[in-house]
Structures are given as C-alpha cells and as structure tokens.
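Novice: Below you'll find protein00.csv; it's CSV, C-alpha atoms (C1' of nucleotides) and all ligand atoms.
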chain,number,residue,atom,x,y,z
Q,186,MET,CA,75.5,143.4,50.2
Q,187,PRO,CA,74.0,140.2,51.5
Q,188,ASP,CA,70.8,138.8,50.2
Q,189,LYS,CA,68.6,141.2,48.4
Q,190,THR,CA,66.8,138.7,46.2
Q,191,PRO,CA,63.0,139.0,46.8
Q,192,SER,CA,61.4,136.1,48.6
Q,193,SER,CA,64.6,134.0,49.0
Q,194,THR,CA,67.3,133.6,51.6
Q,195,SER,CA,71.0,133.7,50.7
Q,196,THR,CA,71.3,130.0,51.6
Q,197,PRO,CA,72.1,127.8,48.6
Q,198,ILE,CA,69.1,125.9,47.4
Q,199,SER,CA,68.9,122.6,49.2
Q,200,PRO,CA,68.3,119.3,47.4
Q,201,ALA,CA,64.8,119.1,48.8
Q,202,GLU,CA,64.1,122.6,47.5
Q,203,ARG,CA,65.4,121.8,44.1
Q,204,ILE,CA,63.2,118.8,44.0
Q,205,ARG,CA,60.1,120.6,45.1
Q,206,ALA,CA,60.8,123.3,42.5
Q,207,THR,CA,60.1,120.8,39.8
Q,208,GLY,CA,56.6,120.3,41.3
Q,209,ALA,CA,57.3,116.8,42.6
Q,210,ARG,CA,57.5,115.4,46.1
Q,211,ALA,CA,60.7,115.7,48.1
Q,212,THR,CA,61.0,112.2,49.3
Q,213,PRO,CA,63.9,110.9,51.4
Q,214,ALA,CA,64.9,108.7,48.5
Q,215,ARG,CA,65.2,111.5,46.1
Q,216,ILE,CA,66.8,113.8,48.6
Q,217,ARG,CA,69.4,111.3,49.6
Q,218,VAL,CA,70.3,110.4,46.0
Q,219,LEU,CA,70.5,114.0,44.9
Q,220,GLU,CA,72.8,114.7,47.8
Q,221,LEU,CA,75.0,111.9,46.8
Q,222,LEU,CA,75.2,113.1,43.2
Q,223,SER,CA,75.9,116.6,44.4
Q,224,SER,CA,78.9,115.7,46.4
Q,225,ALA,CA,80.3,113.0,44.1
Q,226,PRO,CA,83.5,113.9,42.4
Q,227,VAL,CA,82.8,111.5,39.6
Q,228,PRO,CA,79.7,110.2,37.8
Q,229,LEU,CA,78.0,107.5,39.9
Q,230,SER,CA,76.4,104.2,38.6
Q,231,HIS,CA,73.3,102.7,40.0
Q,232,HIS,CA,75.5,100.3,41.8
Q,233,ASP,CA,77.8,103.0,43.2
Q,234,VAL,CA,74.7,104.7,44.7
Q,235,GLU,CA,73.5,101.5,46.2
Q,236,LEU,CA,76.8,101.0,47.9
Q,237,ALA,CA,77.0,104.7,49.0
Q,238,LEU,CA,73.6,104.4,50.6
Q,239,GLY,CA,74.9,101.7,52.8
Q,240,ASP,CA,72.4,100.7,55.5
Q,241,ALA,CA,69.9,103.3,54.4
Q,242,THR,CA,69.3,101.1,51.4
Q,243,LEU,CA,66.5,101.8,49.0
Q,244,ASP,CA,64.7,99.2,47.1
Q,245,ARG,CA,66.6,98.4,43.9
Q,246,VAL,CA,63.6,99.3,41.7
Q,247,THR,CA,63.0,102.5,43.6
Q,248,LEU,CA,66.6,103.6,43.0
Q,249,TYR,CA,66.2,102.9,39.3
Q,250,ARG,CA,63.1,105.0,39.3
Q,251,VAL,CA,64.6,107.8,41.4
Q,252,LEU,CA,67.6,108.0,39.1
Q,253,ASP,CA,65.5,108.1,36.0
Q,254,TRP,CA,63.2,110.7,37.5
Q,255,LEU,CA,66.2,112.9,38.3
Q,256,VAL,CA,67.1,112.7,34.7
Q,257,ALA,CA,63.6,113.3,33.4
Q,258,SER,CA,63.2,116.3,35.7
Q,259,GLY,CA,66.4,117.8,34.4
Q,260,LEU,CA,68.3,117.6,37.7
Q,261,ALA,CA,70.7,114.9,36.6
Q,262,VAL,CA,72.3,113.7,33.4
Q,263,LYS,CA,72.7,110.0,32.4
Q,264,ARG,CA,75.6,108.9,30.3
Q,265,ALA,CA,77.0,105.5,29.4
Q,266,ASP,CA,80.7,105.1,30.3
Q,267,GLU,CA,83.2,103.3,28.1
Q,268,ARG,CA,82.2,100.0,29.7
Q,269,ARG,CA,78.5,100.6,28.9
Q,270,VAL,CA,77.5,101.3,32.5
Q,271,TRP,CA,75.0,104.1,33.0
Q,272,ARG,CA,76.5,106.9,35.1
Q,273,PHE,CA,74.7,109.8,36.6
Q,274,THR,CA,75.9,113.3,37.3
Q,275,LEU,CA,74.3,116.5,38.6
Q,276,ALA,CA,73.0,118.5,35.7
Q,277,GLY,CA,74.0,122.0,34.9
Q,278,GLY,CA,77.6,122.0,35.8
Q,279,GLY,CA,79.1,122.1,32.3
Q,280,GLN,CA,82.6,122.1,33.6
Q,281,HIS,CA,83.5,118.4,33.4
Q,282,HIS,CA,83.0,118.1,29.7
Q,283,SER,CA,85.1,118.3,26.6
Q,284,HIS,CA,87.6,115.8,27.8
Q,285,VAL,CA,90.1,113.9,25.6
Q,286,HIS,CA,90.1,110.2,26.4
Q,287,PHE,CA,92.3,107.3,25.3
Q,288,ARG,CA,90.9,103.8,25.8
Q,289,CYS,CA,93.3,100.8,25.6
Q,290,ASP,CA,91.7,98.0,23.4
Q,291,ALA,CA,93.8,95.4,25.3
Q,292,CYS,CA,93.4,96.2,29.0
Q,293,GLY,CA,90.4,98.5,28.8
Q,294,ARG,CA,92.0,101.2,30.9
Q,295,VAL,CA,91.0,104.8,30.2
Q,296,TYR,CA,93.6,107.5,30.2
Q,297,CYS,CA,92.6,111.1,30.4
Q,298,LEU,CA,95.0,113.0,28.0
Q,299,ASP,CA,95.6,116.6,28.6
Q,300,ALA,CA,95.5,117.5,25.0
Q,301,PRO,CA,93.4,120.4,24.0
Q,302,ALA,CA,89.9,119.6,22.9
Q,303,PRO,CA,89.5,120.0,19.1
Q,304,ILE,CA,87.6,122.8,17.7
Q,305,ALA,CA,83.9,122.0,17.1
Q,306,PRO,CA,82.9,121.8,13.5
Q,307,VAL,CA,80.1,124.0,12.1
Q,308,MET,CA,76.8,122.4,13.1
Q,309,PRO,CA,74.0,121.8,10.6
Q,310,GLU,CA,71.2,124.4,10.6
Q,311,GLY,CA,69.0,124.1,13.8
Q,312,PHE,CA,71.4,121.9,15.7
Q,313,THR,CA,72.5,122.8,19.2
Q,314,LEU,CA,75.9,121.6,20.4
Q,315,ALA,CA,76.0,120.8,24.1
Q,316,ARG,CA,79.0,118.6,24.6
Q,317,LEU,CA,82.0,117.5,22.6
Q,318,GLU,CA,84.1,114.5,23.2
Q,319,PHE,CA,87.3,113.3,21.5
Q,320,ASP,CA,87.9,109.6,22.0
Q,321,LEU,CA,91.1,107.8,20.9
Q,322,SER,CA,91.8,104.1,21.2
Q,323,GLY,CA,94.6,101.7,20.6
Q,324,ARG,CA,97.1,100.1,22.9
Q,325,CYS,CA,98.6,101.6,26.0
Q,326,ALA,CA,102.3,101.6,26.9
Q,327,ASP,CA,101.9,98.8,29.4
Q,328,CYS,CA,100.1,96.5,27.0
Q,329,ASN,CA,102.5,97.3,24.2
Q,330,ARG,CA,105.4,96.4,26.4
Q,331,SER,CA,104.0,93.1,27.8
Q,332,ALA,CA,102.9,92.1,24.3
Q,333,ARG,CA,106.6,91.5,23.6
E,64,MET,CA,97.2,90.4,-14.9
E,65,PRO,CA,95.3,87.9,-12.9
E,66,ASP,CA,96.8,86.2,-9.9
E,67,LYS,CA,100.5,86.1,-9.6
E,68,THR,CA,100.8,85.7,-5.9
E,69,PRO,CA,103.0,82.7,-5.1
E,70,SER,CA,101.4,79.7,-3.5
E,71,SER,CA,97.9,81.0,-3.6
E,72,THR,CA,95.0,80.6,-6.0
E,73,SER,CA,93.1,83.6,-7.2
E,74,THR,CA,90.1,82.6,-5.2
E,75,PRO,CA,89.5,84.9,-2.3
E,76,ILE,CA,90.3,83.2,1.0
E,77,SER,CA,87.3,81.4,2.4
E,78,PRO,CA,86.0,81.9,5.9
E,79,ALA,CA,87.2,78.4,6.8
E,80,GLU,CA,90.7,79.2,5.5
E,81,ARG,CA,90.9,82.4,7.4
E,82,ILE,CA,89.9,80.6,10.5
E,83,ARG,CA,92.5,77.8,10.1
E,84,ALA,CA,95.1,80.5,9.3
E,85,THR,CA,94.9,81.5,12.9
E,86,GLY,CA,95.8,78.0,14.0
E,87,ALA,CA,92.3,77.2,15.4
E,88,ARG,CA,89.7,74.7,14.2
E,89,ALA,CA,87.3,75.7,11.5
E,90,THR,CA,84.1,74.6,13.0
E,91,PRO,CA,80.7,75.0,11.4
E,92,ALA,CA,79.8,77.5,14.1
E,93,ARG,CA,82.7,79.7,13.4
E,94,ILE,CA,82.4,79.4,9.7
E,95,ARG,CA,78.7,80.3,9.6
E,96,VAL,CA,79.2,83.3,11.9
E,97,LEU,CA,82.2,84.6,10.0
E,98,GLU,CA,80.2,84.3,6.7
E,99,LEU,CA,77.4,86.3,8.3
E,100,LEU,CA,79.7,89.0,9.4
E,101,SER,CA,81.4,89.0,6.0
E,102,SER,CA,78.2,89.6,4.1
E,103,ALA,CA,76.5,91.9,6.6
E,104,PRO,CA,76.2,95.5,5.5
E,105,VAL,CA,76.0,96.7,9.1
E,106,PRO,CA,77.5,95.6,12.4
E,107,LEU,CA,75.6,92.7,13.9
E,108,SER,CA,74.7,92.1,17.5
E,109,HIS,CA,74.6,88.7,19.2
E,110,HIS,CA,70.9,88.8,18.8
E,111,ASP,CA,71.1,89.7,15.1
E,112,VAL,CA,73.3,86.7,14.5
E,113,GLU,CA,70.9,84.5,16.5
E,114,LEU,CA,68.1,85.5,14.3
E,115,ALA,CA,70.1,85.3,11.1
E,116,LEU,CA,71.1,81.8,11.9
E,117,GLY,CA,67.5,80.8,11.9
E,118,ASP,CA,66.9,77.1,12.2
E,119,ALA,CA,70.7,76.3,12.1
E,120,THR,CA,70.7,77.8,15.6
E,121,LEU,CA,73.8,77.6,17.8
E,122,ASP,CA,73.7,77.4,21.5
E,123,ARG,CA,73.5,80.8,23.0
E,124,VAL,CA,76.7,80.4,25.0
E,125,THR,CA,78.5,79.0,22.0
E,126,LEU,CA,77.6,82.0,20.0
E,127,TYR,CA,79.0,84.3,22.7
E,128,ARG,CA,82.2,82.3,22.7
E,129,VAL,CA,82.4,82.2,18.9
E,130,LEU,CA,82.0,86.0,18.7
E,131,ASP,CA,84.5,86.7,21.4
E,132,TRP,CA,86.9,84.2,19.8
E,133,LEU,CA,86.6,86.0,16.4
E,134,VAL,CA,87.5,89.2,18.2
E,135,ALA,CA,90.4,87.7,20.1
E,136,SER,CA,91.8,86.1,17.0
E,137,GLY,CA,91.7,89.4,15.2
E,138,LEU,CA,89.1,88.4,12.6
E,139,ALA,CA,86.3,90.6,14.0
E,140,VAL,CA,85.9,93.9,15.9
E,141,LYS,CA,83.5,94.4,18.8
E,142,ARG,CA,82.1,97.8,19.5
E,143,ALA,CA,79.2,99.2,21.6
E,144,ASP,CA,76.6,101.0,19.6
E,145,GLU,CA,74.9,104.1,20.9
E,146,ARG,CA,72.3,101.9,22.7
E,147,ARG,CA,75.1,100.0,24.5
E,148,VAL,CA,74.6,96.9,22.5
E,149,TRP,CA,77.7,95.0,21.4
E,150,ARG,CA,78.0,94.9,17.6
E,151,PHE,CA,80.5,92.9,15.6
E,152,THR,CA,82.1,93.6,12.3
E,153,LEU,CA,84.6,92.0,10.1
E,154,ALA,CA,88.1,93.3,11.0
E,155,GLY,CA,90.4,94.9,8.6
E,156,GLY,CA,88.1,97.1,6.7
E,157,GLY,CA,89.6,100.3,8.0
E,158,GLN,CA,87.4,102.6,6.0
E,159,HIS,CA,84.5,103.1,8.5
E,160,HIS,CA,86.7,104.7,11.1
E,161,SER,CA,87.4,108.2,12.1
E,162,HIS,CA,83.8,109.4,11.8
E,163,VAL,CA,82.4,112.5,13.3
E,164,HIS,CA,79.1,111.7,15.1
E,165,PHE,CA,76.4,113.9,16.6
E,166,ARG,CA,74.0,112.3,19.1
E,167,CYS,CA,70.8,114.1,20.0
E,168,ASP,CA,70.2,114.0,23.7
E,169,ALA,CA,66.5,114.3,23.2
E,170,CYS,CA,65.6,111.8,20.6
E,171,GLY,CA,68.8,109.7,20.6
E,172,ARG,CA,69.3,109.8,16.9
E,173,VAL,CA,72.8,109.7,15.6
E,174,TYR,CA,73.9,111.9,12.8
E,175,CYS,CA,77.0,111.3,10.8
E,176,LEU,CA,78.5,114.7,10.1
E,177,ASP,CA,80.8,115.1,7.2
E,178,ALA,CA,83.2,117.3,9.0
E,179,PRO,CA,86.8,116.4,8.7
E,180,ALA,CA,88.2,114.3,11.5
E,181,PRO,CA,90.3,116.3,13.9
E,182,ILE,CA,94.0,115.9,14.0
E,183,ALA,CA,95.2,113.3,16.5
E,184,PRO,CA,97.1,114.8,19.5
E,185,VAL,CA,100.6,113.6,20.3
E,186,MET,CA,100.4,110.3,22.1
E,187,PRO,CA,102.2,109.6,25.3
E,188,GLU,CA,105.4,107.5,25.0
E,189,GLY,CA,104.7,103.9,24.1
E,190,PHE,CA,101.0,104.4,23.2
E,191,THR,CA,99.7,103.2,19.9
E,192,LEU,CA,96.8,105.0,18.3
E,193,ALA,CA,94.4,102.7,16.4
E,194,ARG,CA,91.2,104.7,16.1
E,195,LEU,CA,90.0,108.1,16.7
E,196,GLU,CA,86.5,109.3,17.2
E,197,PHE,CA,84.9,112.7,17.6
E,198,ASP,CA,81.5,112.7,19.2
E,199,LEU,CA,79.3,115.7,19.6
E,200,SER,CA,76.0,115.8,21.4
E,201,GLY,CA,73.2,118.2,22.0
E,202,ARG,CA,69.8,118.7,20.3
E,203,CYS,CA,69.0,118.0,16.7
E,204,ALA,CA,67.0,120.4,14.5
E,205,ASP,CA,63.8,118.3,14.8
E,206,CYS,CA,63.9,118.3,18.6
E,207,ASN,CA,64.8,121.9,18.8
E,208,ARG,CA,61.8,122.8,16.6
E,209,SER,CA,59.2,120.6,18.4
E,210,ALA,CA,60.5,121.9,21.8
E,211,ARG,CA,59.0,125.3,20.7
Z,106,DA,C1',46.0,118.5,64.2
Z,107,DC,C1',43.2,115.6,60.9
Z,108,DT,C1',41.8,114.1,56.4
Z,109,DT,C1',42.6,113.1,51.8
Z,110,DC,C1',44.5,111.1,47.7
Z,111,DA,C1',47.7,111.2,43.9
Z,112,DA,C1',52.4,110.3,43.9
Z,113,DA,C1',55.9,107.4,45.4
Z,114,DT,C1',57.5,103.2,47.3
Z,115,DG,C1',58.4,98.1,48.1
Z,116,DC,C1',58.0,93.7,46.6
Z,117,DA,C1',57.4,89.8,43.5
Z,118,DA,C1',57.8,88.3,39.0
Z,119,DC,C1',59.8,88.6,34.7
Z,120,DA,C1',63.2,89.7,30.7
Z,121,DA,C1',67.6,90.4,28.5
Z,122,DT,C1',72.4,89.7,28.4
Z,123,DG,C1',76.4,87.7,29.8
Z,124,DT,C1',79.4,84.1,32.6
Z,125,DT,C1',81.1,79.6,34.5
Z,126,DG,C1',81.8,74.5,35.2
Z,127,DC,C1',81.6,70.3,33.2
Z,128,DA,C1',80.4,66.3,30.4
Z,129,DA,C1',80.0,65.0,25.5
Z,130,DT,C1',81.4,65.7,20.9
Z,131,DT,C1',84.5,66.5,17.1
Z,132,DA,C1',88.3,68.6,14.0
Z,133,DG,C1',92.3,67.5,12.4
Z,134,DA,C1',96.9,65.4,13.3
Z,135,DT,C1',99.3,60.9,13.4
R,297,DA,C1',90.9,54.3,11.8
R,298,DT,C1',92.6,56.1,16.2
R,299,DC,C1',93.5,59.6,19.4
R,300,DT,C1',93.1,63.9,21.9
R,301,DA,C1',92.9,68.6,22.9
R,302,DA,C1',89.7,72.1,21.2
R,303,DT,C1',85.0,73.0,20.9
R,304,DT,C1',80.3,72.5,21.9
R,305,DG,C1',75.9,72.1,24.6
R,306,DC,C1',73.6,72.4,28.7
R,307,DA,C1',72.4,73.6,33.4
R,308,DA,C1',73.1,76.9,36.7
R,309,DC,C1',74.1,81.4,38.0
R,310,DA,C1',74.9,86.6,37.9
R,311,DT,C1',73.8,91.3,36.7
R,312,DT,C1',71.0,94.9,35.0
R,313,DG,C1',66.8,96.6,34.0
R,314,DT,C1',61.4,96.5,33.6
R,315,DT,C1',56.4,95.9,34.9
R,316,DG,C1',52.2,95.3,37.7
R,317,DC,C1',50.1,96.0,41.9
R,318,DA,C1',49.1,96.6,46.8
R,319,DT,C1',50.7,99.7,50.5
R,320,DT,C1',52.6,103.9,52.3
R,321,DT,C1',53.3,108.8,52.4
R,322,DG,C1',54.1,114.0,51.2
R,323,DA,C1',51.9,117.9,51.3
R,324,DA,C1',47.7,120.5,50.2
R,325,DG,C1',43.4,121.7,52.2
R,326,DT,C1',40.4,121.8,56.1
Y,1,MN,MN,74.1,96.5,42.6
Y,2,MN,MN,68.6,86.8,21.6
Y,3,ZN,ZN,96.5,98.7,28.0
Y,4,ZN,ZN,66.6,114.9,18.3
How does the structure come out when it is put into structure tokens?
Specialist:
Amino acid sequence: MPDKTPSSTSTPISPAERIRATGARATPARIRVLELLSSAPVPLSHHDVELALGDATLDRVTLYRVLDWLVASGLAVKRADERRVWRFTLAGGGQHHSHVHFRCDACGRVYCLDAPAPIAPVMPEGFTLARLEFDLSGRCADCNRSAR
Amino acid sequence: MPDKTPSSTSTPISPAERIRATGARATPARIRVLELLSSAPVPLSHHDVELALGDATLDRVTLYRVLDWLVASGLAVKRADERRVWRFTLAGGGQHHSHVHFRCDACGRVYCLDAPAPIAPVMPEGFTLARLEFDLSGRCADCNRSAR
DNA sequence: ACTTCAAATGCAACAATGTTGCAATTAGAT
DNA sequence: ATCTAATTGCAACATTGTTGCATTTGAAGT
C-alpha cells in the first residue's frame, strides 16, 4: 500500500521541507548544513562543517547562526565533547545515546566500551530523563605501559 | 597522641613545602595559587584565580602555566565544568568523586542526585580506572512545568 | 512576473581564552 | 656571594564565539 497519507507524498521529507515546517525560511545555508548533519556518521563541530562545505563556504558568523538556529528550532542537538568542542547532531534519532565511555587522563583518547549502560536511577518528581551517559576515566593501557 | 611521624613536625605541610617536594621551585606565584586552591570551597577557574589574586596579579600567561604545572605535578586536578570552563581543585581529596548528576537541557541547571553510583564495568586489560561519573540529562521539574 | 519587506546574510569589530618564542629575572645549589 | 637552569613577563599570535549594521533575499501577496 503505497502512500495513503492525506496531502503528502511518500517521499521522505527533504531538509528544505523540514526547515519550512518550522515556519522559517529555507535558505541555501540552512539546507546545506542540515544535509551535512543528516548524512554525518558522527557529531560535527563548527569547524568540521566549515571544512565539509569546502568551496561553498559560508561566512563564519552565518554558520554559527545557522547551527544555533537549527538547535533552537529543534532540528539539531548541541553537545560539548570531551575536549569541550561543541558538536552538532540531527535531533530526534535517539539511537546514538547511552554510551559507555572511557577517557584517558594522560593521552586524552576516548575509548568506547561495550559494557551495558547502567540502569537509570529513579528520577525526582517532575523530571524527565532524556539521555544517560556513563563516563569513566583513568589511564589507558598504552599510557600505563609507556609510563614504565 | 600527637605527632609521632618520624622526621616531620606536626605542622601540616605548607604549600611551599608541597611544591618543593615535587623537586620544583617554590615561587611566589605557585605558592599563592596553591594557597588559593587549598582554601577554595569550590573549583576555581583561571578567571576566578585572577580575580582572587587582586592587586598581587600575575601575568595571565604565567597563571596559565602555574595552573597547568600544578596539574602536571599532581598537586591539582583540572576539570571542565558544565559550561566548558576549566576548573581547578586541590588533588587528593577523593571525596567529591563518583557523583550522579542530572543536567537540564532546557535551563542548564545541574542537579546532584543522591542515587548510588553505578558499579564500574570490567576494564579492558591494562586500563586503570580512576574516576567514574554517571550523567543524566533531560528536563527538570521547573522547566517541564513552565513548558505547559 | 513584479513588488514588498522581515528574515537572513556578510562583513568589520570586538571579546574571551589559550599558546608560543624569547629576553630578563630569580630560586636555590655550590 | 656567585652561578645557572627554572621561572617569569611581555609581545605576538591563534581559535572560538559575539554584536551591530548595511545589504541581500525568500516567499507571500498582487
Ligand atoms: Mn574553523
Ligand atoms: Mn580573566
Ligand atoms: Zn592513554
Ligand atoms: Zn530546567
């Protein structure tokens, strides 16, 4: 049964459409950046996006504004990585969360452990839990070895 | 029974002594900053220290170097706060670790839950676990209420 | 198609935070 | 008191982020 939804085609919503759906203008800058976030396998920093845009470069300030607008409009999510760099991901896809990470205090590398995420504690009344992250730190094998 | 430790007085080790114990020079800059960290009830940022130094101001770069040296020498610990500002604490006091935090995505406030810290997973061979942190995020009661 | 105008952009200027190179100073050993 | 490597101060630079304002443009209406 293909496409029975009233007043919509079966085509997945395009970046431009998702932008217009918020009531704002679908500009090339927003479309291009949203496309990048959509296809990126990992969260992108401001700098990553700058590089990925290549010759079709946006003004630096415009890019800051586009990224923040995407977040404000609910289309993207902004998170600081372990090096305190802001990274942006497409909103909605809850699948990448609940990781268990180990950060080496010596070399800074981050390891993604495949331990099961711990069970969420009971939240205080009225709180909504969206994401849960378990971060461990210490020294990695490499650094322990080279330290003697 | 006061003070029976061999070759030491009962006086707590002074900042200058702790610095010399590392083999480095006890300079006014290092002593002053270490004193500040010792008496601070909360982790201090570079800027906090600048302000606290008042008229006895150090050069900005020297302060960066002193703080980083304190960390490298093991006398202090450097951690990013939830606003991505580096904050420094006296090392050793292990009591503040293994907290469970909740950060509200809407208002940014951080709540310190009193849930028990989860059990550490088995570490890969050669890894040393130093600290473990369980971070939850979502919306707090205040923000959920005002959102409707 | 043409007009209209708030929304979005580009650009210049600024601010905050952190880094590097190097000459001058100084802690602490002899 | 002298000596010297460790530390400091300063100038210059880099990166990341913000603000004000003149110009351009998406898209709604004609
Ligand atoms: Mn860049
Ligand atoms: Mn400052
Ligand atoms: Zn390591
Ligand atoms: Zn809140």
Novice: With a cut-off of 6 Å, could you pull out the residues of chain Q touching chain E and give me the nearest pair of atoms for each, distance in Å to one decimal, using all atoms listed in the file, ordered by chain and ascending number, as a Markdown table?
Specialist:
| residue | atom | partner | partner_atom | distance |
| --- | --- | --- | --- | --- |
| Q:Arg269 | CA | E:Arg147 | CA | 5.6 |
| Q:Gly311 | CA | E:Ala204 | CA | 4.3 |
| Q:Phe312 | CA | E:Cys203 | CA | 4.7 |
| Q:Thr313 | CA | E:Arg202 | CA | 5.0 |
| Q:Leu314 | CA | E:Gly201 | CA | 4.6 |
| Q:Ala315 | CA | E:Gly201 | CA | 4.4 |
| Q:Arg316 | CA | E:Ser200 | CA | 5.2 |
| Q:Leu317 | CA | E:Leu199 | CA | 4.4 |
| Q:Glu318 | CA | E:Asp198 | CA | 5.1 |
| Q:Phe319 | CA | E:Phe197 | CA | 4.6 |
| Q:Asp320 | CA | E:Glu196 | CA | 5.0 |
| Q:Leu321 | CA | E:Leu195 | CA | 4.4 |
| Q:Ser322 | CA | E:Arg194 | CA | 5.2 |
| Q:Gly323 | CA | E:Ala193 | CA | 4.3 |
| Q:Arg324 | CA | E:Thr191 | CA | 5.0 |
| Q:Cys325 | CA | E:Phe190 | CA | 4.6 |
| Q:Ala326 | CA | E:Gly189 | CA | 4.3 |
Novice: Counting all atoms listed in the file, which residues in chain Z sit no more than 9 Å from chain Q? For each one, give the nearest pair of atoms and the distance in Å, sorted by chain then residue number, as CSV.
Specialist:
residue,atom,partner,partner_atom,distance
Z:DA112,C1',Q:Arg210,CA,7.5
Z:DA113,C1',Q:Thr212,CA,8.0
Z:DT114,C1',Q:Thr247,CA,6.7
Z:DG115,C1',Q:Asp244,CA,6.5
Z:DC116,C1',Q:Asp244,CA,8.7
Novice: Show me, as a tab-separated table, the residues of chain Q having an atom within 7 Å of ligand MN 1 (chain Y), each with the closest atom pair and its distance in Å, using all atoms listed in the file.
Specialist:
residue	atom	partner	partner_atom	distance
Q:His231	CA	Y:MN1	MN	6.8
Q:His232	CA	Y:MN1	MN	4.1
Q:Glu235	CA	Y:MN1	MN	6.2
Novice: Any idea what's packed within 10 Å of DT314 (chain R), counting all atoms listed in the file, ignoring anything in its chain fewer than 2 positions away? Could you give it as a PyMOL selection string?
Specialist: (chain Q and resi 246+249) or (chain Z and resi 119-120) or (chain R and resi 312)
Novice: State, in Å with one decimal place, the distance from CA of Arg142 (chain E) to C1' of DG123 (chain Z).
Specialist: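 These two atoms are separated by 15.5 Å.
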Novice: Counting all atoms listed in the file, which residues from chain R have an atom at most 12 Å from any atom of chain E, and could you show them as a list of chain:residue names?
Specialist: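 The complete set of qualifying residues is R:DA301, R:DA302, R:DT303, R:DT304, R:DG305, R:DC306, R:DA307.
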Novice: Taking (86.1, 89.4, 12.9) in the coordinates of the supplied file, I want to know which residues reach to within 7 Å of it, counting only C-alpha atoms (C1' of nucleotides); could you give the answer as a list in words?
Specialist: Leu97, Leu133, Val134, Gly137, Leu138, Ala139, Val140, Thr152, Leu153 and Ala154 of chain E
Novice: Could you jot down the CA of Arg215 (chain Q) to C1' of DA118 (chain Z) separation for me, Å, one decimal place?
Specialist: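 These two atoms are separated by 25.4 Å.
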